[in-house]
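Dumped my_file_36.cif below, it's mmCIF, C-alpha atoms:
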data_upload
loop_
_atom_site.label_atom_id
_atom_site.label_comp_id
_atom_site.auth_asym_id
_atom_site.auth_seq_id
_atom_site.Cartn_x
_atom_site.Cartn_y
_atom_site.Cartn_z
CA MET F 21 143.13 112.40 34.95
CA ILE F 22 143.82 109.09 36.72
CA LEU F 23 140.50 109.34 38.56
CA ALA F 24 138.72 110.08 35.29
CA LEU F 25 140.29 107.00 33.70
CA PHE F 26 139.29 104.87 36.69
CA LEU F 27 135.71 106.15 36.50
CA GLY F 28 135.69 105.59 32.74
CA GLY F 29 136.79 101.99 33.31
CA LEU F 30 134.11 101.57 35.98
CA VAL F 31 131.37 102.76 33.63
CA SER F 32 132.73 100.54 30.84
CA GLY F 33 132.65 97.54 33.21
CA VAL F 34 129.01 98.25 34.10
CA LEU F 35 128.08 98.65 30.42
CA ILE F 36 129.90 95.46 29.40
CA TYR F 37 128.04 93.54 32.12
CA ALA F 38 124.71 95.05 31.04
CA PHE F 39 125.26 93.98 27.42
CA THR F 40 126.66 90.51 28.12
CA ASP F 41 124.41 89.39 31.00
CA LYS F 42 121.60 87.15 29.75
CA GLY F 43 119.82 87.21 33.12
CA ALA F 44 117.36 84.52 34.23
CA ASP F 45 115.34 82.88 31.48
CA ALA F 46 111.88 84.32 31.25
CA ASN F 47 109.04 82.14 32.48
CA PRO F 48 107.74 80.37 29.36
CA TYR F 49 104.46 79.60 31.13
CA ALA F 50 101.57 81.78 32.22
CA SER F 51 101.40 83.04 35.83
CA LEU F 52 98.32 83.41 38.00
CA PRO F 53 97.63 86.70 39.81
CA HIS F 54 98.44 86.69 43.50
CA ALA F 55 95.58 86.58 46.02
CA ALA F 56 95.26 87.95 49.54
CA GLU F 57 96.11 85.79 52.54
CA PRO F 58 92.97 83.85 53.53
CA ALA F 59 91.78 84.62 57.09
CA VAL F 60 91.64 80.95 58.05
CA THR F 61 95.27 80.29 57.07
CA ALA F 62 96.37 83.51 58.81
CA ASP F 63 94.80 82.09 62.01
CA VAL F 64 96.74 78.86 61.56
CA ALA F 65 100.00 80.76 61.00
CA ARG F 66 99.37 82.82 64.15
CA ALA F 67 98.65 79.68 66.20
CA LEU F 68 101.83 78.02 64.94
CA ALA F 69 103.95 81.10 65.67
CA ALA F 70 102.40 81.42 69.14
CA ASP F 71 102.91 77.72 69.91
CA ASP F 72 99.13 77.55 70.52
CA ALA F 73 98.23 73.85 70.28
CA LYS F 74 94.66 74.39 71.49
CA GLY F 75 93.98 77.09 68.91
CA LEU F 76 95.47 74.93 66.17
CA SER F 77 93.32 71.95 67.16
CA ASN F 78 90.21 74.14 66.80
CA LEU F 79 91.18 75.28 63.31
CA MET F 80 91.89 71.96 61.62
CA ASP F 81 90.66 68.38 61.71
CA MET F 82 92.95 65.51 62.61
CA THR F 83 93.77 64.50 59.03
CA VAL F 84 94.86 68.01 58.07
CA LEU F 85 96.80 68.40 61.34
CA GLN F 86 98.70 65.21 60.53
CA GLN F 87 99.45 66.55 57.04
CA LEU F 88 100.75 69.77 58.62
CA GLN F 89 102.93 67.77 61.00
CA THR F 90 104.49 65.94 58.05
CA ALA F 91 104.84 69.17 56.03
CA ILE F 92 106.86 71.01 58.67
CA GLU F 93 109.24 68.14 59.44
CA PRO F 94 112.00 68.28 60.69
CA LEU F 95 111.00 71.54 62.44
CA THR F 96 110.05 71.06 66.10
CA ASP F 97 110.49 74.55 67.55
CA ILE F 98 108.91 77.25 65.36
CA ARG F 99 110.49 80.69 65.83
CA THR F 100 109.32 82.59 62.75
CA MET F 101 106.36 82.33 60.42
CA LYS F 102 106.10 84.23 57.14
CA PHE F 103 103.25 84.35 54.65
CA VAL F 104 104.91 84.44 51.23
CA GLY F 105 101.99 84.43 48.83
CA ALA F 106 98.72 82.91 47.66
CA VAL F 107 96.94 82.12 44.41
CA GLU F 108 93.34 81.25 43.64
CA LYS F 109 91.98 79.11 40.82
CA ASN F 110 88.44 77.78 40.44
CA GLY F 111 87.62 78.47 44.10
CA ARG F 112 90.74 76.68 45.35
CA VAL F 113 93.33 78.78 47.15
CA LEU F 114 96.95 77.81 47.79
CA ALA F 115 98.46 79.88 50.63
CA ALA F 116 102.23 79.50 51.04
CA TYR F 117 104.22 79.98 54.26
CA VAL F 118 107.82 79.62 55.34
CA ALA F 119 108.48 78.59 58.92
CA GLY F 120 111.84 79.05 60.55
CA GLY F 121 113.09 77.41 63.70
CA ARG F 122 115.03 74.53 65.10
CA THR F 123 115.08 70.77 64.80
CA VAL F 124 115.28 68.37 67.76
CA ASP F 125 119.10 68.53 67.63
CA GLY F 126 119.11 72.35 67.59
CA THR F 127 119.86 72.88 63.91
CA ASP F 128 118.35 76.05 62.38
CA VAL F 129 116.13 75.23 59.39
CA LEU F 130 113.57 76.83 57.10
CA VAL F 131 110.57 74.83 55.92
CA GLY F 132 108.05 75.83 53.28
CA PHE F 133 104.50 74.54 53.35
CA VAL F 134 101.27 75.32 51.56
CA LEU F 135 97.75 75.28 53.01
CA ARG F 136 95.02 74.33 50.52
CA VAL F 137 91.77 76.19 51.09
CA THR F 138 88.34 75.58 49.59
CA GLY F 139 85.32 77.58 50.73
CA ASP F 140 87.04 79.14 53.77
CA GLN F 141 88.13 75.74 55.02
CA ILE F 142 91.60 74.23 55.07
CA VAL F 143 91.30 70.99 53.13
CA GLY F 144 94.91 69.96 52.94
CA VAL F 145 98.58 70.75 53.51
CA ASN F 146 101.54 70.20 51.19
CA MET O 20 157.33 91.89 31.05
CA LEU O 21 159.92 93.39 28.70
CA GLY O 22 157.12 94.67 26.49
CA LEU O 23 155.55 96.54 29.39
CA ASN O 24 158.78 98.42 29.97
CA LEU O 25 158.55 99.81 26.45
CA ILE O 26 155.26 101.52 27.32
CA PRO O 27 155.72 104.95 28.90
CA PRO O 28 154.89 104.95 32.67
CA LEU O 29 152.05 107.42 32.23
CA VAL O 30 150.32 105.25 29.60
CA ARG O 31 150.93 102.15 31.75
CA THR O 32 149.26 103.80 34.75
CA ALA O 33 146.37 104.99 32.59
CA LEU O 34 145.81 101.49 31.19
CA ALA O 35 146.02 99.97 34.66
CA MET O 36 143.41 102.42 36.02
CA LEU O 37 141.11 101.67 33.08
CA LEU O 38 141.47 97.93 33.63
CA VAL O 39 141.00 98.08 37.42
CA GLY O 40 137.95 100.36 37.02
CA GLY O 41 136.47 98.04 34.41
CA LEU O 42 136.96 94.97 36.58
CA ILE O 43 135.44 96.60 39.65
CA GLY O 44 132.51 97.87 37.55
CA TYR O 45 131.84 94.44 36.03
CA VAL O 46 132.17 92.39 39.21
CA GLY O 47 130.33 94.99 41.33
CA THR O 48 127.40 95.12 38.92
CA ALA O 49 127.18 91.31 38.75
CA PHE O 50 127.24 91.04 42.55
CA THR O 51 124.70 93.83 43.10
CA THR O 52 122.22 92.65 40.47
CA THR O 53 122.29 89.09 41.83
CA LEU O 54 121.81 90.35 45.39
CA VAL O 55 118.95 92.66 44.43
CA ALA O 56 117.20 90.03 42.29
CA ASP O 57 117.39 87.35 45.01
CA SER O 58 116.22 89.70 47.79
CA GLY O 59 113.26 91.06 45.86
CA ILE O 60 114.07 94.66 46.81
CA LEU O 61 113.00 95.93 43.39
CA GLY O 62 109.81 93.91 43.23
CA GLY O 63 111.17 90.80 41.55
CA GLY O 64 109.53 88.88 44.39
CA GLY O 65 112.87 87.49 45.51
CA GLU O 66 112.77 84.53 43.12
CA SER O 67 116.11 82.79 43.09
CA SER O 68 117.51 82.17 39.62
CA ASP O 69 118.44 78.62 40.71
CA ALA O 70 114.85 77.93 41.79
CA HIS O 71 113.55 79.40 38.53
CA LYS O 72 115.94 77.28 36.44
CA TYR O 73 115.02 74.16 38.45
CA MET O 74 111.28 74.65 37.93
CA ILE O 75 111.65 75.18 34.19
CA ALA O 76 113.96 72.15 33.88
CA LEU O 77 111.51 70.06 35.94
CA LEU O 78 108.53 70.94 33.76
CA GLN O 79 110.48 70.51 30.55
CA ARG O 80 112.03 67.25 31.82
CA GLU O 81 115.59 68.40 31.26
CA THR O 82 117.31 65.80 33.41
CA ASP O 83 120.80 67.13 32.71
CA SER O 84 119.87 70.62 33.92
CA LEU O 85 118.15 69.13 36.98
CA SER O 86 121.26 67.13 37.86
CA GLN O 87 123.39 70.28 37.72
CA LEU O 88 121.08 72.02 40.18
CA ARG O 89 121.02 69.13 42.66
CA PRO O 90 123.78 68.02 45.01
CA THR O 91 126.19 65.50 43.49
CA ARG O 92 124.69 62.03 43.59
CA ASP O 93 125.83 58.53 42.74
CA VAL O 94 125.59 57.12 39.22
CA ILE O 95 122.73 54.73 40.04
CA SER O 96 120.52 57.51 41.41
CA ARG O 97 121.17 59.54 38.26
CA ALA O 98 120.40 56.53 36.03
CA LEU O 99 117.12 55.95 37.91
CA GLU O 100 116.26 59.62 37.42
CA GLN O 101 116.86 59.35 33.66
CA GLN O 102 114.68 56.24 33.53
CA ASN O 103 111.88 57.95 35.50
CA ALA O 104 111.94 60.94 33.19
CA SER O 105 111.72 58.80 30.05
CA GLN O 106 108.84 56.75 31.49
CA GLN O 107 106.77 59.79 32.47
CA ALA O 108 103.83 60.56 30.25
CA SER O 109 105.03 62.96 27.59
CA ASP O 110 101.61 64.53 27.09
CA VAL O 111 101.61 66.35 30.45
CA LYS O 112 101.10 69.99 29.57
CA PRO O 113 102.05 72.74 32.07
CA LEU O 114 99.39 75.45 32.00
CA SER O 115 100.84 77.93 34.46
CA VAL O 116 103.75 78.32 36.87
CA THR O 117 103.37 81.00 39.53
CA TYR O 118 106.09 82.01 41.93
CA LEU O 119 104.34 82.49 45.28
CA GLY O 120 107.33 83.73 47.24
CA GLY O 121 110.20 82.64 49.38
CA SER O 122 112.40 83.31 52.34
CA SER O 123 116.07 82.87 53.13
CA SER O 124 118.26 82.57 56.14
CA GLY O 125 122.00 82.33 55.64
CA ARG O 126 122.74 79.77 52.93
CA ILE O 127 119.27 78.19 53.15
CA SER O 128 116.39 79.51 51.09
CA VAL O 129 112.89 78.21 50.43
CA HIS O 130 110.95 79.10 47.26
CA ILE O 131 107.33 78.11 46.68
CA TYR O 132 105.49 77.77 43.36
CA ALA O 133 101.94 76.95 42.29
CA VAL O 134 101.74 74.75 39.21
CA GLU O 135 98.79 73.99 36.95
CA ILE O 136 99.09 71.05 34.59
CA GLN O 137 96.91 69.21 32.16
CA ALA O 138 97.86 65.58 32.72
CA SER O 139 97.36 62.70 30.33
CA GLY O 140 93.69 62.01 29.65
CA GLY O 141 92.83 65.67 30.19
CA GLN O 142 93.09 65.44 33.99
CA TYR O 143 93.62 68.90 35.51
CA GLN O 144 95.97 69.32 38.51
CA PHE O 145 96.70 72.42 40.59
CA PHE O 146 99.41 71.85 43.18
CA PRO O 147 102.23 73.63 45.04
CA LEU O 148 105.96 72.85 44.99
CA ALA O 149 108.36 74.05 47.67
CA LEU O 150 112.07 74.04 46.81
CA THR O 151 114.71 74.19 49.52
CA ILE O 152 118.05 75.49 48.24
CA VAL O 153 121.32 75.27 50.11
CA GLY O 154 124.37 76.90 48.57
CA GLY O 155 122.86 77.04 45.07
CA LYS O 156 121.71 73.39 45.05
CA VAL O 157 118.12 72.19 45.35
CA VAL O 158 118.20 69.77 48.28
CA ARG O 159 114.49 69.23 48.86
CA VAL O 160 111.40 69.34 46.63
CA GLU O 161 107.95 68.91 48.14
#
Write out the structure in this file as structure tokens.
Amino acid sequence: MILALFLGGLVSGVLIYAFTDKGADANPYASLPHAAEPAVTADVARALAADDAKGLSNLMDMTVLQQLQTAIEPLTDIRTMKFVGAVEKNGRVLAAYVAGGRTVDGTDVLVGFVLRVTGDQIVGVN
Amino acid sequence: MLGLNLIPPLVRTALAMLLVGGLIGYVGTAFTTTLVADSGILGGGGESSDAHKYMIALLQRETDSLSQLRPTRDVISRALEQQNASQQASDVKPLSVTYLGGSSSGRISVHIYAVEIQASGGQYQFFPLALTIVGGKVVRVE
């Protein structure tokens, strides 16, 4: 009987939470459908993860490389690279990545950055 | 405590079991749902509720909500923020907000969004925003 009462309480607790929890507010704005990872940004992510400076220099011009350098600060030693998602609107694709690694002083950090693609070319980094 | 002694031991034990079970059920459900929602196991995409709240507050210029989601700052910084918000063009219209995804490691998590807005004068902008959250506070917005 004690076990039954305990289980009854447990179920009541779950039900009370379900009825009282408001949850996260719904997004009041529209959302765009997700797109596939562009091949050109996948190459950049691979080069970054492989510490391949030569490959990276072949994939982007100097201006975009400098933007990428700023975007991943304070990360200096990239250990992980994860594609998190992409969206496309009017021929412009935003491909988002999260890089994990260490700073100069050895602190573990995560940095998010987004590669902007137009016509199979990386035109900018945020 | 005298009142409790008036209740028969069997009823007391029954009430205690009901209460303990209820508490465990409530807290356990709250913990599990938060964990599942933030990890994206059930397809929620792993969007953090703090990141979601921050984005909505940012687009709706709710400076008080933004302050609550940022680390504690001095009074002058907060006053400057209020002034910035009031000077921003009020006719900026968000068209869409898309959660692209995120990743977490320990207390740090990064969440990335794509935002479409119609700025003043009809100017269209499509840009990303990356939020870095540490311990429930948004410490970096890019």
Give the answer as one residue: which of O:Asp69, O:Glu81, O:Asp93, O:Glu100 has the shortest atom-to-atom distance to chain F, using all atoms listed in the file?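 The answer is O:Asp69, which sits nearest to chain F.
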Taking only C-alpha atoms into account, produce a table as a Markdown table in which each residue of chain F with an atom at most 6 Å from an atom of chain O appears once, together with its shortest atom pair and the distance in Å to one decimal, ordered by chain and rising number.
| residue | atom | partner | partner_atom | distance |
| --- | --- | --- | --- | --- |
| F:Leu25 | CA | O:Leu37 | CA | 5.4 |
| F:Phe26 | CA | O:Gly40 | CA | 4.7 |
| F:Gly29 | CA | O:Gly41 | CA | 4.1 |
| F:Leu30 | CA | O:Gly40 | CA | 4.2 |
| F:Ser32 | CA | O:Gly41 | CA | 5.7 |
| F:Gly33 | CA | O:Gly41 | CA | 4.0 |
| F:Val34 | CA | O:Gly44 | CA | 4.9 |
| F:Tyr37 | CA | O:Tyr45 | CA | 5.5 |
| F:Ala44 | CA | O:Ser68 | CA | 5.9 |
| F:Tyr49 | CA | O:Ser115 | CA | 5.2 |
| F:Ala50 | CA | O:Ser115 | CA | 4.5 |
| F:Ser51 | CA | O:Thr117 | CA | 4.7 |
| F:Leu52 | CA | O:Thr117 | CA | 5.8 |
| F:Val104 | CA | O:Gly120 | CA | 4.7 |
| F:Gly105 | CA | O:Leu119 | CA | 4.7 |
| F:Gly132 | CA | O:Ala149 | CA | 5.9 |
Identify all residues satisfying the PyMOL selection byres ((chain O and resi 88) around 7) in the given file; provide them as a PyMOL selection string. chain O and resi 73+84-87+89-90+156-157
Can you tell me, as a PDB file with C-alpha atoms, keeping the file's coordinate frame, which residues sit within 9 Å of (98.1, 85.6, 47.5) in the file's frame, using only C-alpha atoms?
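File selection.pdb, as written:
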ATOM      1  CA  PRO F  53      97.630  86.700  39.810  1.00  0.00           C
ATOM      2  CA  HIS F  54      98.440  86.690  43.500  1.00  0.00           C
ATOM      3  CA  ALA F  55      95.580  86.580  46.020  1.00  0.00           C
ATOM      4  CA  ALA F  56      95.260  87.950  49.540  1.00  0.00           C
ATOM      5  CA  GLU F  57      96.110  85.790  52.540  1.00  0.00           C
ATOM      6  CA  PRO F  58      92.970  83.850  53.530  1.00  0.00           C
ATOM      7  CA  PHE F 103     103.250  84.350  54.650  1.00  0.00           C
ATOM      8  CA  VAL F 104     104.910  84.440  51.230  1.00  0.00           C
ATOM      9  CA  GLY F 105     101.990  84.430  48.830  1.00  0.00           C
ATOM     10  CA  ALA F 106      98.720  82.910  47.660  1.00  0.00           C
ATOM     11  CA  VAL F 107      96.940  82.120  44.410  1.00  0.00           C
ATOM     12  CA  GLU F 108      93.340  81.250  43.640  1.00  0.00           C
ATOM     13  CA  VAL F 113      93.330  78.780  47.150  1.00  0.00           C
ATOM     14  CA  LEU F 114      96.950  77.810  47.790  1.00  0.00           C
ATOM     15  CA  ALA F 115      98.460  79.880  50.630  1.00  0.00           C
ATOM     16  CA  ALA F 116     102.230  79.500  51.040  1.00  0.00           C
TER      17      ALA F 116
ATOM     18  CA  LEU O 119     104.340  82.490  45.280  1.00  0.00           C
TER      19      LEU O 119
END
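Distances here use all atoms listed in the file; by that measure, the residue among F:Pro48, F:Met101, F:Leu85, F:Met21 closest to F:Ala69 is F:Met101.
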Which residue is closest to F:Gly111? Choose from F:Pro94, F:Phe39, F:Thr138, F:Val124 and count all atoms listed in the file.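 Closest residue, counting all atoms listed in the file: F:Thr138.
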What does the distance between atom CA of O:Val153 and atom CA of F:Val131 come to in Å, to one decimal place?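 So the two atoms, atom CA of O:Val153 and atom CA of F:Val131, lie 12.2 Å apart.
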Could you list, as an mmCIF file with C-alpha atoms, keeping the file's coordinate frame, every residue within 12 Å of F:Asp63, counting only C-alpha atoms and ignoring same-chain residues fewer than 2 positions away?
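See part07.cif below for the written result:
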data_model
loop_
_atom_site.group_PDB
_atom_site.id
_atom_site.type_symbol
_atom_site.label_atom_id
_atom_site.label_comp_id
_atom_site.auth_asym_id
_atom_site.auth_seq_id
_atom_site.Cartn_x
_atom_site.Cartn_y
_atom_site.Cartn_z
ATOM 1 C CA GLU F 57 96.110 85.790 52.540
ATOM 2 C CA PRO F 58 92.970 83.850 53.530
ATOM 3 C CA ALA F 59 91.780 84.620 57.090
ATOM 4 C CA VAL F 60 91.640 80.950 58.050
ATOM 5 C CA THR F 61 95.270 80.290 57.070
ATOM 6 C CA ALA F 65 100.000 80.760 61.000
ATOM 7 C CA ARG F 66 99.370 82.820 64.150
ATOM 8 C CA ALA F 67 98.650 79.680 66.200
ATOM 9 C CA LEU F 68 101.830 78.020 64.940
ATOM 10 C CA ALA F 69 103.950 81.100 65.670
ATOM 11 C CA ALA F 70 102.400 81.420 69.140
ATOM 12 C CA ASP F 72 99.130 77.550 70.520
ATOM 13 C CA GLY F 75 93.980 77.090 68.910
ATOM 14 C CA LEU F 76 95.470 74.930 66.170
ATOM 15 C CA SER F 77 93.320 71.950 67.160
ATOM 16 C CA ASN F 78 90.210 74.140 66.800
ATOM 17 C CA LEU F 79 91.180 75.280 63.310
ATOM 18 C CA MET F 80 91.890 71.960 61.620
ATOM 19 C CA MET F 101 106.360 82.330 60.420
ATOM 20 C CA PHE F 103 103.250 84.350 54.650
ATOM 21 C CA LEU F 135 97.750 75.280 53.010
ATOM 22 C CA ASP F 140 87.040 79.140 53.770
ATOM 23 C CA GLN F 141 88.130 75.740 55.020
ATOM 24 C CA ILE F 142 91.600 74.230 55.070
#
Find the residue from F:Ala73, F:Ile98, F:Val31, F:Ala62 that sits nearest to F:Asp128; use all atoms listed in the file when measuring.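 Counting all atoms listed in the file, the residue closest to F:Asp128 is F:Ile98.
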Atom-to-atom span, atom CA of O:Thr51 and atom CA of O:Glu66, Å: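 Going from atom CA of O:Thr51 over to atom CA of O:Glu66, I get 15.1 Å.
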Interatomic distance between atom CA of F:Ala24 and atom CA of O:Leu23? 22.4 Å
Assuming the chain letters and numbering stay as they are in my file, what does the PyMOL selection byres ((chain O and resi 140) around 12) actually select? List them as a PDB file with C-alpha atoms, keeping the file's coordinate frame.
ATOM      1  CA  ALA O 108     103.830  60.560  30.250  1.00  0.00           C
ATOM      2  CA  SER O 109     105.030  62.960  27.590  1.00  0.00           C
ATOM      3  CA  ASP O 110     101.610  64.530  27.090  1.00  0.00           C
ATOM      4  CA  VAL O 111     101.610  66.350  30.450  1.00  0.00           C
ATOM      5  CA  LYS O 112     101.100  69.990  29.570  1.00  0.00           C
ATOM      6  CA  ILE O 136      99.090  71.050  34.590  1.00  0.00           C
ATOM      7  CA  GLN O 137      96.910  69.210  32.160  1.00  0.00           C
ATOM      8  CA  ALA O 138      97.860  65.580  32.720  1.00  0.00           C
ATOM      9  CA  SER O 139      97.360  62.700  30.330  1.00  0.00           C
ATOM     10  CA  GLY O 141      92.830  65.670  30.190  1.00  0.00           C
ATOM     11  CA  GLN O 142      93.090  65.440  33.990  1.00  0.00           C
ATOM     12  CA  TYR O 143      93.620  68.900  35.510  1.00  0.00           C
ATOM     13  CA  GLN O 144      95.970  69.320  38.510  1.00  0.00           C
TER      14      GLN O 144
END
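For the set F:Val143, F:Ile92, F:Val137, F:Ala38, the residue with the smallest atom-to-atom gap to F:Arg112 is F:Val137, counting all atoms listed in the file.
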Of the candidates F:Thr100, F:Thr83, F:Thr40, F:Thr127, which shows the shortest atom-to-atom distance to F:Asp71, using all atoms listed in the file?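 Closest to F:Asp71, using all atoms listed in the file: F:Thr100.
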